[in-house]
Amino acid sequence: MPTKHQLEQRKRNEAKAKVHTNGKGQTAEPTAGKGPLIQALRGFKDILPSETKYWAFVTRVLDDIVLENNFLRIEIPMVERVDLYRRSVGEETDIVRKEMFAFTDHDHNVVSLRPEATAGIVRSYIQHGFKTYPKPLKLFTVGPMFRYDRPQAGRLREFHQCDFEIIGAKRGIVDAQLMKIGWEILSRLGLKNISLMVNSVGCPVCRPQFEKSLTEFFRAKVRRLSPESRTRLAKNPLRILDSKDERDQEIAKEAPQIVDYLCEECNDHLKKTLEFLDEFEVPYTLTTHLVRGLDYYTRTVFEYVTGGDERAQNALGGGGRYDALVERLGGESTPALGFALGLERVIVKMHDDGVEVPPPPKPEVYLAQLGELAKKMSLKLYQELHAAGLRVTESFGKNSIRAQLKHSDRVGALLTVILGQKEALEGTIIIRNMIDGVQEIVNVRDVVAEVQKRLEAIRHTNHGGNEMRAKLPDEEPEEG
Ligand code: AMP
């Protein structure tokens, strides 16, 4: 028997479930169906079919870049121990202080959905003894990241990043090479008006002196700083430099600049990196207040931004060098660097720039069939054409030849191979050229070679537009 208290609680819950939440989403919406509509959580987004062509294009470009630059793909878990992020990203960063999707699992481990990929990749590198691999080791991953940020334009709680890491490389030329890779991706995606901001955040030798000067500078102006920057002053004064608050930005204009504090090695590294960027013809701006929001960076940091201002909510991605991180996470001291691009922001920018996504390649061959025996044989034939490397499509669910030819025409196939009752019994097959409508009968055993021969001939004459296609025969309508 439920107690009175439990019954009251149940009533309250039922009443709550009936509340309509005006589409913002966490609870119920009235629907035509029986139950209340469950919406996606705030900050979580469906990627709908209308959007997937952009994602497919991004994936194609990434695949090319990964291959051309010899990166190895790695997949890391979605969930890691919170300590990993504390020790790498840093206790005092926004990500760790405010944005972790952290929880305690059934074994009492304190874990979090991954807010970024570098920490997990470095953890994996150490755990699996990658140090014996030839260096540099180039690793790539792409997938969802999670940050419990306040959802707004350009800020989601689940978003996707592609992530490039180079482990075991210390020279400035590699910093420039990595920045060039990011630049290349954005260029190939057709994005316009992108800037690359570059800076150095020094190293454990020179940064403390800079932080001291910075703290003194901001302390003298503490009352004019935003409340958030006042708390940063004690623990992470560097972050005041890239504050989004206008008051802080005004004060930061006068702040000491790290380039004046770099030790000889850091200075030399920055100089070389910039020289190589010039050499690679990657345009950049040396941006002395760029510090990035993660603790693990040493020396080079960079960001790709739209419209030339990295302080607005418009960074497409960024990265830098993290020479101390492998050691900090328990490995041997190993120089390394990496960057990530936020794919949702990249795709929004593609829309803004009116980028036309190249359509996926059309099928070359359409396999049409008529009758039970032909249907059975078609499955094998389909695999055979596919295995020969042909782009082949079909509609096994259709019965009428006319409907299948229409479908073939609509998807833009150059040839249709037709297996009817008679052909199935005789071991032959019809090849129809969809451009001029000419049909020929060939031996079904030779179908791959015959198809390839005809495709070659079509490519030579450079036909292929739908407008040139032969009129389709009139035939019976599709039944059932
Ligand atoms: P970060 O690791 O913070 O430098 O992020 C790299 C890139 O990921 C950013 O420049 C954004 O493009 C993207 N990004 C970071 N946080 C979010 C978020 N909450 N929502 C959408 N994209 C994000």
# chains A, B, ... in the order shown; residues from 1 in each chain; ligands from 1

$ select_by_dssp --residues "region 168-242 of chain A" --states "alpha helix (DSSP H)" --output "NGL selection string"
:A and (172-188 or 207-219 or 227-235)

$ residues_near_ligand --ligand "ligand 1" --cutoff "6 Å" --atoms "only C-alpha atoms and all ligand atoms" --output "list in words"
Glu116, Arg147, Asp149, Gly154, Arg155, Leu156, Arg157, Phe159, Gln161, Ala315, Leu316, Gly317, Gly318, Ala340, Leu341, Gly342 and Arg345 of chain A

$ residues_around --residues "region 172-189 of chain A" --least-positions-apart "4" --cutoff "8 Å" --atoms "only C-alpha atoms" --output "ChimeraX atom specification"
/A:57-58,61-62,65,196,269-270,272-274,276-277,280,282,300,302,304,320-321,337-339,341,346,350,355

$ closest_residue --among "A:Val442, A:Val348, A:Val326, A:Leu139" --to "Leu72 (chain A)" --atoms "only C-alpha atoms"
A:Leu139

$ residues_around --residues "region 238-251 of chain A" --least-positions-apart "4" --cutoff "12 Å" --atoms "only C-alpha atoms" --output "PDB file with C-alpha atoms, in the first residue's frame"
ATOM      1  CA  GLU A  92      40.700  26.457 -12.714  1.00  0.00           C
ATOM      2  CA  THR A  93      39.454  26.344 -16.296  1.00  0.00           C
ATOM      3  CA  ASP A  94      35.814  26.988 -17.219  1.00  0.00           C
ATOM      4  CA  SER A 200      52.868  31.988 -27.506  1.00  0.00           C
ATOM      5  CA  VAL A 201      51.963  31.391 -23.861  1.00  0.00           C
ATOM      6  CA  GLY A 202      55.579  30.688 -22.941  1.00  0.00           C
ATOM      7  CA  ARG A 207      55.482  32.250 -17.856  1.00  0.00           C
ATOM      8  CA  PRO A 208      55.639  32.766 -14.054  1.00  0.00           C
ATOM      9  CA  GLN A 209      57.385  36.135 -14.486  1.00  0.00           C
ATOM     10  CA  PHE A 210      54.737  37.200 -16.989  1.00  0.00           C
ATOM     11  CA  GLU A 211      51.933  36.026 -14.704  1.00  0.00           C
ATOM     12  CA  LYS A 212      53.459  38.029 -11.873  1.00  0.00           C
ATOM     13  CA  SER A 213      53.540  41.226 -13.935  1.00  0.00           C
ATOM     14  CA  LEU A 214      50.038  40.549 -15.186  1.00  0.00           C
ATOM     15  CA  THR A 215      48.710  39.999 -11.680  1.00  0.00           C
ATOM     16  CA  PHE A 217      48.821  45.097 -13.457  1.00  0.00           C
ATOM     17  CA  PHE A 218      45.281  43.767 -12.924  1.00  0.00           C
ATOM     18  CA  ARG A 219      45.461  44.081  -9.151  1.00  0.00           C
ATOM     19  CA  ALA A 220      45.885  47.824  -9.547  1.00  0.00           C
ATOM     20  CA  LYS A 221      42.618  47.856 -11.508  1.00  0.00           C
ATOM     21  CA  VAL A 222      40.747  45.162  -9.651  1.00  0.00           C
ATOM     22  CA  ARG A 223      37.660  47.255  -8.956  1.00  0.00           C
ATOM     23  CA  ARG A 224      37.062  47.824 -12.650  1.00  0.00           C
ATOM     24  CA  LEU A 225      37.302  44.131 -13.530  1.00  0.00           C
ATOM     25  CA  SER A 226      34.264  41.894 -14.044  1.00  0.00           C
ATOM     26  CA  PRO A 227      33.379  39.706 -11.023  1.00  0.00           C
ATOM     27  CA  GLU A 228      34.547  36.630 -12.919  1.00  0.00           C
ATOM     28  CA  SER A 229      37.926  38.124 -13.716  1.00  0.00           C
ATOM     29  CA  ARG A 230      38.353  39.187 -10.102  1.00  0.00           C
ATOM     30  CA  THR A 231      38.161  35.535  -9.072  1.00  0.00           C
ATOM     31  CA  ARG A 232      40.507  34.590 -11.919  1.00  0.00           C
ATOM     32  CA  LEU A 233      43.076  37.108 -10.719  1.00  0.00           C
ATOM     33  CA  ALA A 234      44.330  34.902  -7.898  1.00  0.00           C
ATOM     34  CA  ALA A 255      48.210  44.913 -20.062  1.00  0.00           C
ATOM     35  CA  PRO A 256      51.791  43.632 -20.355  1.00  0.00           C
ATOM     36  CA  GLN A 257      52.347  41.420 -23.399  1.00  0.00           C
ATOM     37  CA  ILE A 258      53.778  37.944 -23.148  1.00  0.00           C
ATOM     38  CA  THR A 287      47.580  38.148 -31.337  1.00  0.00           C
ATOM     39  CA  THR A 288      49.268  38.846 -28.039  1.00  0.00           C
ATOM     40  CA  HIS A 289      46.180  38.480 -25.820  1.00  0.00           C
ATOM     41  CA  LEU A 290      45.264  35.015 -27.195  1.00  0.00           C
ATOM     42  CA  VAL A 291      45.712  32.509 -24.341  1.00  0.00           C
ATOM     43  CA  ARG A 292      43.073  29.752 -24.876  1.00  0.00           C
ATOM     44  CA  GLY A 293      40.989  28.302 -22.105  1.00  0.00           C
ATOM     45  CA  LEU A 294      42.924  25.145 -21.282  1.00  0.00           C
ATOM     46  CA  ASP A 295      45.871  24.857 -18.909  1.00  0.00           C
ATOM     47  CA  TYR A 297      49.284  24.659 -23.439  1.00  0.00           C
ATOM     48  CA  ASP A 309      37.767  38.840 -33.947  1.00  0.00           C
ATOM     49  CA  GLU A 310      38.580  35.976 -31.646  1.00  0.00           C
ATOM     50  CA  ARG A 311      36.863  37.542 -28.634  1.00  0.00           C
ATOM     51  CA  ALA A 312      33.357  37.057 -29.920  1.00  0.00           C
ATOM     52  CA  GLN A 313      31.630  33.675 -29.883  1.00  0.00           C
ATOM     53  CA  ASN A 314      33.033  32.861 -33.285  1.00  0.00           C
TER      54      ASN A 314
END

$ atom_distance --atom1 "CA of Asp278 (chain A)" --atom2 "CA of Leu67 (chain A)"
24.4 Å

$ residues_around --residues "Leu370 (chain A)" --least-positions-apart "5" --cutoff "9 Å" --atoms "only C-alpha atoms" --output "list in words"
Lys375, Lys398, Asn399, Ser400, Ile401, Ile418, Leu419, Gly420 and Gln421 of chain A

$ select_by_dssp --residues "region 182-261 of chain A" --states "strand (DSSP E)" --output "PDB file with C-alpha atoms, in the first residue's frame"
ATOM      1  CA  ILE A 194      38.763  33.279 -41.826  1.00  0.00           C
ATOM      2  CA  SER A 195      41.674  34.509 -39.726  1.00  0.00           C
ATOM      3  CA  LEU A 196      44.318  32.536 -37.945  1.00  0.00           C
ATOM      4  CA  MET A 197      45.372  34.050 -34.630  1.00  0.00           C
ATOM      5  CA  VAL A 198      48.710  32.919 -33.229  1.00  0.00           C
ATOM      6  CA  ASN A 199      50.468  33.592 -29.954  1.00  0.00           C
ATOM      7  CA  SER A 200      52.868  31.988 -27.506  1.00  0.00           C
TER       8      SER A 200
END
